[in-house]
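Structure file upload35.pdb; described as PDB, C-alpha atoms, pLDDT in the B column.
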```pdb
ATOM      1  CA  MET X  23      -2.735  21.168  62.568  1.00 93.00           C
ATOM      2  CA  LEU X  24      -2.889  17.966  64.582  1.00 96.00           C
ATOM      3  CA  TYR X  25      -5.063  18.039  67.682  1.00 96.00           C
ATOM      4  CA  THR X  26      -4.902  15.303  70.291  1.00 96.00           C
ATOM      5  CA  PHE X  27      -7.774  14.830  72.705  1.00 96.00           C
ATOM      6  CA  ARG X  28      -6.888  12.805  75.797  1.00 97.00           C
ATOM      7  CA  TYR X  29      -9.664  13.460  78.314  1.00 95.00           C
ATOM      8  CA  SER X  30     -12.982  11.715  78.683  1.00 96.00           C
ATOM      9  CA  PRO X  31     -15.538  13.603  76.583  1.00 95.00           C
ATOM     10  CA  PHE X  32     -17.908  13.158  79.507  1.00 91.00           C
ATOM     11  CA  ASN X  33     -15.626  15.350  81.668  1.00 92.00           C
ATOM     12  CA  ALA X  34     -14.345  17.766  78.998  1.00 91.00           C
ATOM     13  CA  ASP X  35     -16.002  19.823  76.280  1.00 89.00           C
ATOM     14  CA  ILE X  36     -15.140  18.112  73.006  1.00 89.00           C
ATOM     15  CA  ARG X  37     -17.448  20.532  71.193  1.00 90.00           C
ATOM     16  CA  ALA X  38     -15.074  23.353  72.158  1.00 89.00           C
ATOM     17  CA  ILE X  39     -12.156  21.703  70.362  1.00 87.00           C
ATOM     18  CA  LEU X  40     -14.324  21.073  67.306  1.00 92.00           C
ATOM     19  CA  ARG X  41     -15.183  24.781  67.116  1.00 91.00           C
ATOM     20  CA  TYR X  42     -11.474  25.694  66.949  1.00 89.00           C
ATOM     21  CA  MET X  43     -10.564  23.205  64.267  1.00 92.00           C
ATOM     22  CA  GLN X  44     -10.336  24.165  60.599  1.00 90.00           C
ATOM     23  CA  PRO X  45     -10.735  22.137  57.393  1.00 85.00           C
ATOM     24  CA  GLY X  46      -7.604  20.071  56.893  1.00 86.00           C
ATOM     25  CA  ASP X  47      -6.989  19.686  60.621  1.00 93.00           C
ATOM     26  CA  CYS X  48      -6.782  16.255  62.173  1.00 95.00           C
ATOM     27  CA  LEU X  49      -8.109  15.062  65.536  1.00 97.00           C
ATOM     28  CA  LEU X  50      -6.542  12.060  67.235  1.00 98.00           C
ATOM     29  CA  LEU X  51      -8.316  10.484  70.192  1.00 98.00           C
ATOM     30  CA  ILE X  52      -5.809   9.172  72.732  1.00 98.00           C
ATOM     31  CA  GLU X  53      -5.863   7.949  76.338  1.00 98.00           C
ATOM     32  CA  ASP X  54      -9.378   8.525  77.799  1.00 98.00           C
ATOM     33  CA  GLY X  55     -10.249  10.577  74.720  1.00 97.00           C
ATOM     34  CA  VAL X  56     -11.027   7.302  72.921  1.00 98.00           C
ATOM     35  CA  LEU X  57     -14.272   7.261  74.916  1.00 98.00           C
ATOM     36  CA  ALA X  58     -15.546   9.814  72.397  1.00 97.00           C
ATOM     37  CA  GLY X  59     -15.642   7.034  69.817  1.00 98.00           C
ATOM     38  CA  LEU X  60     -18.047   4.771  71.681  1.00 98.00           C
ATOM     39  CA  THR X  61     -21.109   3.821  69.684  1.00 97.00           C
ATOM     40  CA  ASP X  62     -24.454   5.436  70.493  1.00 96.00           C
ATOM     41  CA  THR X  63     -23.009   8.446  72.328  1.00 96.00           C
ATOM     42  CA  VAL X  64     -23.413  12.182  71.813  1.00 95.00           C
ATOM     43  CA  PRO X  65     -19.628  12.753  71.491  1.00 96.00           C
ATOM     44  CA  LEU X  66     -19.480  10.251  68.632  1.00 97.00           C
ATOM     45  CA  GLU X  67     -22.371  11.990  66.884  1.00 96.00           C
ATOM     46  CA  ASP X  68     -20.541  15.324  67.234  1.00 95.00           C
ATOM     47  CA  LEU X  69     -17.410  13.830  65.674  1.00 96.00           C
ATOM     48  CA  LEU X  70     -19.266  12.196  62.805  1.00 95.00           C
ATOM     49  CA  VAL X  71     -21.120  15.341  61.740  1.00 93.00           C
ATOM     50  CA  SER X  72     -17.867  17.307  61.638  1.00 89.00           C
ATOM     51  CA  SER X  73     -15.949  17.427  58.370  1.00 84.00           C
ATOM     52  CA  LEU X  74     -12.669  16.684  60.134  1.00 90.00           C
ATOM     53  CA  SER X  75     -10.276  13.772  59.886  1.00 95.00           C
ATOM     54  CA  VAL X  76     -10.727  11.862  63.145  1.00 97.00           C
ATOM     55  CA  TYR X  77      -8.617   8.908  64.270  1.00 98.00           C
ATOM     56  CA  ALA X  78      -8.198   6.924  67.474  1.00 98.00           C
ATOM     57  CA  LEU X  79      -5.146   5.199  68.908  1.00 98.00           C
ATOM     58  CA  GLN X  80      -5.761   1.442  68.744  1.00 98.00           C
ATOM     59  CA  GLU X  81      -3.578   0.686  71.776  1.00 98.00           C
ATOM     60  CA  ASP X  82      -5.634   3.021  73.980  1.00 98.00           C
ATOM     61  CA  ILE X  83      -8.891   1.470  72.788  1.00 98.00           C
ATOM     62  CA  GLU X  84      -7.607  -2.002  73.627  1.00 98.00           C
ATOM     63  CA  ALA X  85      -6.082  -0.938  76.953  1.00 98.00           C
ATOM     64  CA  ARG X  86      -9.533   0.217  78.079  1.00 98.00           C
ATOM     65  CA  GLY X  87     -11.336  -2.875  76.803  1.00 98.00           C
ATOM     66  CA  LEU X  88     -13.411  -0.831  74.358  1.00 98.00           C
ATOM     67  CA  ALA X  89     -12.720  -2.639  71.089  1.00 97.00           C
ATOM     68  CA  VAL X  90     -16.220  -4.112  70.863  1.00 97.00           C
ATOM     69  CA  ARG X  91     -18.015  -0.854  71.728  1.00 98.00           C
ATOM     70  CA  PHE X  92     -15.833   1.440  69.611  1.00 98.00           C
ATOM     71  CA  SER X  93     -17.363   2.780  66.402  1.00 98.00           C
ATOM     72  CA  ASP X  94     -16.074   1.375  63.137  1.00 97.00           C
ATOM     73  CA  LYS X  95     -16.657   4.832  61.608  1.00 97.00           C
ATOM     74  CA  ILE X  96     -13.487   6.184  63.232  1.00 98.00           C
ATOM     75  CA  PRO X  97     -10.252   4.704  61.894  1.00 98.00           C
ATOM     76  CA  ARG X  98      -7.988   3.102  64.480  1.00 98.00           C
ATOM     77  CA  ILE X  99      -4.297   3.809  64.101  1.00 98.00           C
ATOM     78  CA  SER X 100      -1.048   2.539  65.596  1.00 98.00           C
ATOM     79  CA  TYR X 101       1.745   4.460  67.297  1.00 97.00           C
ATOM     80  CA  THR X 102       3.640   4.387  63.998  1.00 97.00           C
ATOM     81  CA  ASP X 103       0.676   6.065  62.312  1.00 98.00           C
ATOM     82  CA  PHE X 104       0.622   8.615  65.164  1.00 97.00           C
ATOM     83  CA  VAL X 105       4.242   9.487  64.412  1.00 96.00           C
ATOM     84  CA  ASN X 106       3.391   9.863  60.736  1.00 96.00           C
ATOM     85  CA  LEU X 107       0.558  12.254  61.627  1.00 96.00           C
ATOM     86  CA  THR X 108       2.985  14.396  63.645  1.00 94.00           C
ATOM     87  CA  ILE X 109       5.308  14.534  60.647  1.00 94.00           C
ATOM     88  CA  GLU X 110       2.448  15.437  58.313  1.00 94.00           C
ATOM     89  CA  HIS X 111       1.103  18.142  60.639  1.00 93.00           C
ATOM     90  CA  GLN X 112       3.976  20.314  61.842  1.00 89.00           C
ATOM     91  CA  GLN X 113       1.833  22.024  64.468  1.00 94.00           C
ATOM     92  CA  HIS X 114       0.315  20.093  67.365  1.00 93.00           C
ATOM     93  CA  PHE X 115      -2.178  21.132  69.999  1.00 93.00           C
ATOM     94  CA  ALA X 116      -2.969  18.840  72.925  1.00 93.00           C
ATOM     95  CA  TRP X 117      -6.302  18.981  74.769  1.00 87.00           C
TER      96      TRP X 117
END
```
Hey, can you dump this file as structure tokens for me?
Amino acid sequence: MLYTFRYSPFNADIRAILRYMQPGDCLLLIEDGVLAGLTDTVPLEDLLVSSLSVYALQEDIEARGLAVRFSDKIPRISYTDFVNLTIEHQQHFAW
């Protein structure tokens, strides 16, 4: 299953979504959800200790001016890659 997380992790419980995810699931950070990938933050630590595939939408990182502060441990993907993830994962859940 593909999960998209679009809210700031500082205003939403990202740990809740991580508890629902299963091995093989994919989490894509979009919109304000890309804030979860900022270096030296608790949300980033939570994502990195999970065994999930986590990605972030490059355009949303750039739109928020976060490219320099965004962790290099989370792959950045394009809209084309986003479409490919939706094809790969037939079920989608948006947070």
Checklist entry - What residues come out when you apply the PyMOL selection byres ((chain X and resi 76) around 12) to this file, written as JSON, numbers by chain? => result {"X": [24, 25, 26, 27, 40, 43, 45, 46, 47, 48, 49, 50, 51, 52, 55, 56, 58, 59, 66, 68, 69, 70, 71, 72, 73, 74, 75, 77, 78, 79, 93, 94, 95, 96, 97, 98, 99, 104, 107]}
Item to check | the PyMOL selection byres ((chain X and resi 30) around 9) applied to the shown file, residues as a list in words | outcome: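 When the PyMOL selection byres ((chain X and resi 30) around 9) is applied, the selected residues are Phe27, Arg28, Tyr29, Pro31, Phe32, Asn33, Ala34, Asp35, Ile36, Glu53, Asp54, Gly55, Val56, Leu57 and Ala58 of chain X.
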Next on the checklist: With distances taken over all atoms listed in the file, which residue among X:Asp62, X:Met23, X:Ala38, X:Gly87 lies nearest His111 in chain X?
Outcome noted: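 Ranking X:Asp62, X:Met23, X:Ala38, X:Gly87 by distance to His111 in chain X, first place goes to X:Met23.
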Enclosing box along x, y and z for every listed atom of range 60-74 of chain X, padded 3 Å each side, centre and size in Å, one decimal, as lines of an AutoDock Vina configuration file:
```
center_x = -18.6
center_y = 10.6
center_z = 65.3
size_x = 17.8
size_y = 19.6
size_z = 20.0
```
Item to check | Interatomic distance, CA of Ala89 in chain X to CA of Leu60 in chain X (Å, one decimal) | outcome: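 Atom-to-atom, CA of Ala89 in chain X to CA of Leu60 in chain X, that is 9.1 Å.
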Next on the checklist: So the first atom is CA of Phe92 in chain X and the second is CA of Gln80 in chain X; what is the distance between them in Å, to one decimal place?
Outcome noted: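 That distance, rounded to one decimal, is 10.1 Å.
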